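A quick write-up on the structure given underneath.
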Amino acid sequence: MCYRNKIFFLFFFLFLFSNKIFAVTDTIPFGINLAGAEFGVPNLPGVYGLDYTYPTIKDIQYFSKKGFSLVRLPVRWERLQHTLGAGLDTTELDRLNTFIDSCAVYKLNVIIDLHNYGLYYINGKPFELGSVTVTRDMFADVWQKIALALKTKTNIYGFDLMNQPQGLGNYTWPIAAQQAIDAIRQVNKKVNIIVEGENSGLTECWPTCNDPMKNLYDTYNKIIYSAHIFFDTDGTGVYTSTNYDTLGISTAEAIKRVKPFIDWLEQNNKQGMIGSFGVPNNDKRWNILLDTFMNYISSRCLGGCYWAAGPWWHNYFLSVEPDSISGADKPQMQVVEKYLYPTCSALNAKPQNIQAVNFYPNPFSSSLIIDQGICGTYQTLSLYDISGKIIFATPIQINTNIIHLPNIPSGVYIALLKAKDGKKLVQKLIKLH
């Protein structure tokens with residue numbers, strides 16, 4: 001390889017894996033849900049420091065150092081607005097502002113997530129959005145006030161209108177969402193507006209449960225649709241069992257669950273993300289599943305936020321909050337931090353045109369599987385080391401290809417797939433000892 005090509009490859013490599021530069025496309029990077037400010041239900045608004053808390057500077061520093069650029073912060077409507085239709089609570093707004101400003105110092109963008117599940121609690125009793133007590137106008141009102149209060153913040157990535165609205169129906173929720181969009185746009189024209197779906201926003205039923213959402217309109221075309229996926233029996237993330245064998249999940253099933261949402265986005269030319277996803281920490285096979293899942297959605301130009309972290313999770317099995325005593329990473333972090341940006345961004349590929357390819361396991365020890373399905377878009381594989389030197393090349397076929405690489409040294413490699421029409425796909429790989 002000539003000197004010029006080596007320099008080009010080096011810059012290409014640095015671009016691809018720099019975790020502080022947003023993608024060439026508008027693809028959302030991977031981030032983290034930092035929980036705590038939404039705790040304490042139904043004791044609302046509750047007592048700060050007793051019922052709920054905000055993520056600490058230590059949390060912000062940790063995820064910034066890991067290379068994250070996006071945080072999703074769950075908050076409660078009842079705490080920001082103690083009385084429906086009234087002004088925002090200044091004390092709570094100060095806490096929110098402090099968190100946002102601290103994130104800005106460490107170059108973290110923030111999604112504000114109204115974590116209410118379509119409900120507002122009054123004296124411990126929940127009332128549905130769209131009811132006489134909690135009207136759609138009240139919902140639009142609180143979002144307009146939040147948008148106005150945070151208008152000067154430069155690191156607000158988006159406003160997530162409502163976490164997992166449930167039971168509101170395809171009449172109430174799309175209308176409420178549209179009213180909130182319109183209200184926000186009256187005072188803030190720059191921020192992304194993130195809209196979740198009914199039925200907990202589950203990916204597998206999105207086309208059936210949420211197809212009317214495609215008719216939402218934003219003059220500035222900054223709507224991002226957000227779905228959720230977990231790998232327990234009902235997909236809610238409760239994980240009444242964390243036994244991998246009992247749940248009967250597989251990497252193929254994980255991809256099957258998320259694919260309907262991604263297909264819907266591509267068919268309707270919409271932008272999307274996975275608002276929350278996570279796996280338990282009690283079995284290495286969960287990490288293999290997580291790796292395959294993140295690799296797949298990354299190849300389809302989709303980002304999202306892992307669930308979860310935060311100072312009060314303690315022994316919560318989905319948490320990637322580092323150990324409070326040793327500071328050691330949780331097992332899932334070794335997978336999550338590999339995928340800070342979808343791999344398709346390096347190719348400047350359009351989401352609707354990219355062909356999904358699964359590389360697994362990644363990291364691998366001696367053999368790597370490349371599965372490109374029945375379409376078989378790509379015909380050749382080239383493997384490069386970090387200096388840009390090609391160390392392996394082979395033709396590949398449709399469906400599953402088993403690539404044996406037992407003799408190459410451990411380290412980071414770049415896989416480059418090529419198609420006859422010139423289309424390319426790049427994937428970072430890690431070879432273990």
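Ordering of the structure tokens sets the chain letters (A, B, ...), residue numbers begin anew at 1 in every chain, and ligands are numbered from 1 in the order given.
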
Contacts of segment 37-44 of chain A within 12 Å, only C-alpha atoms, excl. fewer than 2 positions in-chain, as a VMD selection string:
chain A and resid 33 to 35 46 to 56 72 to 83 92 to 93 95 to 96 99 112 to 117 119 to 127 163 309 to 313

Alpha helix (DSSP H) call set, DSSP backbone run, segment 58-94 of chain A, as an MDAnalysis selection string
chainID A and resid 58:66 77:80 90:94

Generate the output file for the selected residues, C-alpha atoms, as a PDB file, in the first residue's frame.
```
ATOM      1  CA  LYS A  58     -19.193  11.712  38.811  1.00  0.00           C
ATOM      2  CA  ASP A  59     -21.735  10.028  36.529  1.00  0.00           C
ATOM      3  CA  ILE A  60     -21.341  12.735  33.899  1.00  0.00           C
ATOM      4  CA  GLN A  61     -17.549  12.505  34.010  1.00  0.00           C
ATOM      5  CA  TYR A  62     -17.569   8.718  33.724  1.00  0.00           C
ATOM      6  CA  PHE A  63     -19.718   8.566  30.602  1.00  0.00           C
ATOM      7  CA  SER A  64     -17.926  11.480  28.992  1.00  0.00           C
ATOM      8  CA  LYS A  65     -14.580   9.768  29.592  1.00  0.00           C
ATOM      9  CA  LYS A  66     -15.987   6.580  28.071  1.00  0.00           C
ATOM     10  CA  TRP A  77     -44.049  16.138  34.823  1.00  0.00           C
ATOM     11  CA  GLU A  78     -45.419  16.448  38.378  1.00  0.00           C
ATOM     12  CA  ARG A  79     -42.065  17.770  39.650  1.00  0.00           C
ATOM     13  CA  LEU A  80     -41.536  20.300  36.902  1.00  0.00           C
ATOM     14  CA  THR A  90     -38.294  27.112  39.941  1.00  0.00           C
ATOM     15  CA  THR A  91     -36.410  24.818  42.338  1.00  0.00           C
ATOM     16  CA  GLU A  92     -36.833  21.791  40.091  1.00  0.00           C
ATOM     17  CA  LEU A  93     -35.987  23.846  37.028  1.00  0.00           C
ATOM     18  CA  ASP A  94     -32.760  24.929  38.743  1.00  0.00           C
TER      19      ASP A  94
END
```

Could you find all residues in segment 14-134 of chain A that DSSP calls strand (DSSP E or B) from the backbone, and write them as a list of chain:residue names?
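DSSP-assigned strand (DSSP E or B) residues in segment 14-134 of chain A: A:Phe30, A:Gly31, A:Ile32, A:Asn33, A:Leu34, A:Tyr48, A:Tyr52, A:Leu70, A:Val71, A:Arg72, A:Leu73, A:Pro74, A:Val75, A:Asn109, A:Val110, A:Ile111, A:Ile112, A:Asp113, A:Leu114, A:Leu119, A:Tyr120, A:Tyr121, A:Ile122, A:Lys125, A:Pro126, A:Phe127, A:Glu128, A:Leu129, A:Val134.
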
Excluding same-chain residues fewer than 6 positions from Leu216 of chain A, what lies within 8 Å of it counting only C-alpha atoms, as a PyMOL selection string?
chain A and resi 174+177-178

Could you turn the residues from that selection into a file that holds N, CA and C atoms, as a compact mmCIF listing (two decimals), in the first residue's frame?
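part35.txt, freshly written:
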```
# COMPACT_ATOMS: atom_id res chain seq x y z
N PRO A 174 -51.67 10.48 19.12
CA PRO A 174 -51.16 11.28 18.00
C PRO A 174 -51.61 12.74 18.05
N ALA A 177 -49.59 14.44 20.80
CA ALA A 177 -48.22 14.65 20.34
C ALA A 177 -48.13 15.81 19.36
N GLN A 178 -49.09 15.90 18.43
CA GLN A 178 -49.08 16.98 17.46
C GLN A 178 -49.27 18.33 18.14
```

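When atom CA of Thr172 of chain A is paired with atom CA of Ile156 of chain A, their separation reads 27.2 Å.
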
Could you make a table, as JSON lines, of the residues of segment 209-293 of chain A that have an atom within 10 Å of an atom of segment 185-195 of chain A, each with its nearest atom pair and distance in Å to one decimal, counting only C-alpha atoms, in chain and number order?
```
{"residue": "A:Met213", "atom": "CA", "partner": "A:Val195", "partner_atom": "CA", "distance": 8.6}
{"residue": "A:Leu216", "atom": "CA", "partner": "A:Val195", "partner_atom": "CA", "distance": 9.4}
{"residue": "A:Asp218", "atom": "CA", "partner": "A:Arg185", "partner_atom": "CA", "distance": 8.2}
{"residue": "A:Thr219", "atom": "CA", "partner": "A:Arg185", "partner_atom": "CA", "distance": 8.3}
{"residue": "A:Tyr220", "atom": "CA", "partner": "A:Lys189", "partner_atom": "CA", "distance": 7.1}
{"residue": "A:Asn221", "atom": "CA", "partner": "A:Asn192", "partner_atom": "CA", "distance": 8.6}
{"residue": "A:Lys222", "atom": "CA", "partner": "A:Asn192", "partner_atom": "CA", "distance": 4.9}
{"residue": "A:Ile223", "atom": "CA", "partner": "A:Ile193", "partner_atom": "CA", "distance": 4.9}
{"residue": "A:Ile224", "atom": "CA", "partner": "A:Ile194", "partner_atom": "CA", "distance": 4.6}
{"residue": "A:Tyr225", "atom": "CA", "partner": "A:Val195", "partner_atom": "CA", "distance": 4.9}
{"residue": "A:Ser226", "atom": "CA", "partner": "A:Val195", "partner_atom": "CA", "distance": 5.8}
{"residue": "A:Ala227", "atom": "CA", "partner": "A:Val195", "partner_atom": "CA", "distance": 8.7}
{"residue": "A:Gln271", "atom": "CA", "partner": "A:Ile194", "partner_atom": "CA", "distance": 9.8}
{"residue": "A:Gly272", "atom": "CA", "partner": "A:Ile194", "partner_atom": "CA", "distance": 8.5}
{"residue": "A:Met273", "atom": "CA", "partner": "A:Ile194", "partner_atom": "CA", "distance": 8.9}
{"residue": "A:Gly275", "atom": "CA", "partner": "A:Ile194", "partner_atom": "CA", "distance": 9.3}
```

Atoms kept (N, CA and C atoms) for selection, written as an mmCIF file, in the first residue's frame:
```cif
data_model
loop_
_atom_site.group_PDB
_atom_site.id
_atom_site.type_symbol
_atom_site.label_atom_id
_atom_site.label_comp_id
_atom_site.auth_asym_id
_atom_site.auth_seq_id
_atom_site.Cartn_x
_atom_site.Cartn_y
_atom_site.Cartn_z
ATOM 1 N N MET A 213 -48.797 7.382 13.510
ATOM 2 C CA MET A 213 -47.803 8.360 13.935
ATOM 3 C C MET A 213 -47.030 8.950 12.759
ATOM 4 N N LEU A 216 -47.673 12.674 11.731
ATOM 5 C CA LEU A 216 -47.285 13.848 12.512
ATOM 6 C C LEU A 216 -46.486 14.803 11.629
ATOM 7 N N ASP A 218 -44.029 18.377 11.376
ATOM 8 C CA ASP A 218 -43.185 19.413 11.971
ATOM 9 C C ASP A 218 -42.628 20.271 10.840
ATOM 10 N N THR A 219 -42.887 21.549 10.892
ATOM 11 C CA THR A 219 -42.426 22.472 9.854
ATOM 12 C C THR A 219 -40.927 22.357 9.630
ATOM 13 N N TYR A 220 -40.177 22.058 10.686
ATOM 14 C CA TYR A 220 -38.718 22.021 10.598
ATOM 15 C C TYR A 220 -38.170 20.609 10.405
ATOM 16 N N ASN A 221 -39.062 19.643 10.260
ATOM 17 C CA ASN A 221 -38.677 18.267 9.926
ATOM 18 C C ASN A 221 -37.651 17.708 10.908
ATOM 19 N N LYS A 222 -37.936 17.862 12.195
ATOM 20 C CA LYS A 222 -37.016 17.378 13.223
ATOM 21 C C LYS A 222 -37.708 16.408 14.179
ATOM 22 N N ILE A 223 -38.632 15.606 13.653
ATOM 23 C CA ILE A 223 -39.274 14.571 14.463
ATOM 24 C C ILE A 223 -38.419 13.313 14.427
ATOM 25 N N ILE A 224 -38.174 12.750 15.593
ATOM 26 C CA ILE A 224 -37.471 11.470 15.718
ATOM 27 C C ILE A 224 -38.414 10.508 16.427
ATOM 28 N N TYR A 225 -38.668 9.359 15.818
ATOM 29 C CA TYR A 225 -39.538 8.356 16.433
ATOM 30 C C TYR A 225 -38.697 7.430 17.312
ATOM 31 N N SER A 226 -39.193 7.176 18.509
ATOM 32 C CA SER A 226 -38.432 6.395 19.480
ATOM 33 C C SER A 226 -39.207 5.160 19.915
ATOM 34 N N ALA A 227 -38.585 4.003 19.752
ATOM 35 C CA ALA A 227 -39.175 2.728 20.175
ATOM 36 C C ALA A 227 -38.322 2.125 21.284
ATOM 37 N N GLN A 271 -36.911 9.316 10.627
ATOM 38 C CA GLN A 271 -35.737 9.121 11.469
ATOM 39 C C GLN A 271 -36.172 8.517 12.794
ATOM 40 N N GLY A 272 -35.358 7.607 13.333
ATOM 41 C CA GLY A 272 -35.747 6.950 14.569
ATOM 42 C C GLY A 272 -34.574 6.627 15.467
ATOM 43 N N MET A 273 -34.906 6.123 16.643
ATOM 44 C CA MET A 273 -33.915 5.694 17.621
ATOM 45 C C MET A 273 -34.550 4.651 18.528
ATOM 46 N N GLY A 275 -35.138 4.196 22.232
ATOM 47 C CA GLY A 275 -35.083 5.014 23.432
ATOM 48 C C GLY A 275 -34.533 4.293 24.642
#
```

How far is it from atom CA of Ile398 of chain A to atom CA of Leu289 of chain A, in Å with one decimal?
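If I compute the distance from atom CA of Ile398 of chain A to atom CA of Leu289 of chain A, I get 22.0 Å.
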
Of the listed residues A:Gly118, A:Thr133, A:Phe139, A:Asp89, that which approaches Met162 of chain A most closely, counting only C-alpha atoms
A:Gly118

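Across the structure, atom CA of Thr394 of chain A and atom CA of Ser382 of chain A are spaced 6.7 Å apart.
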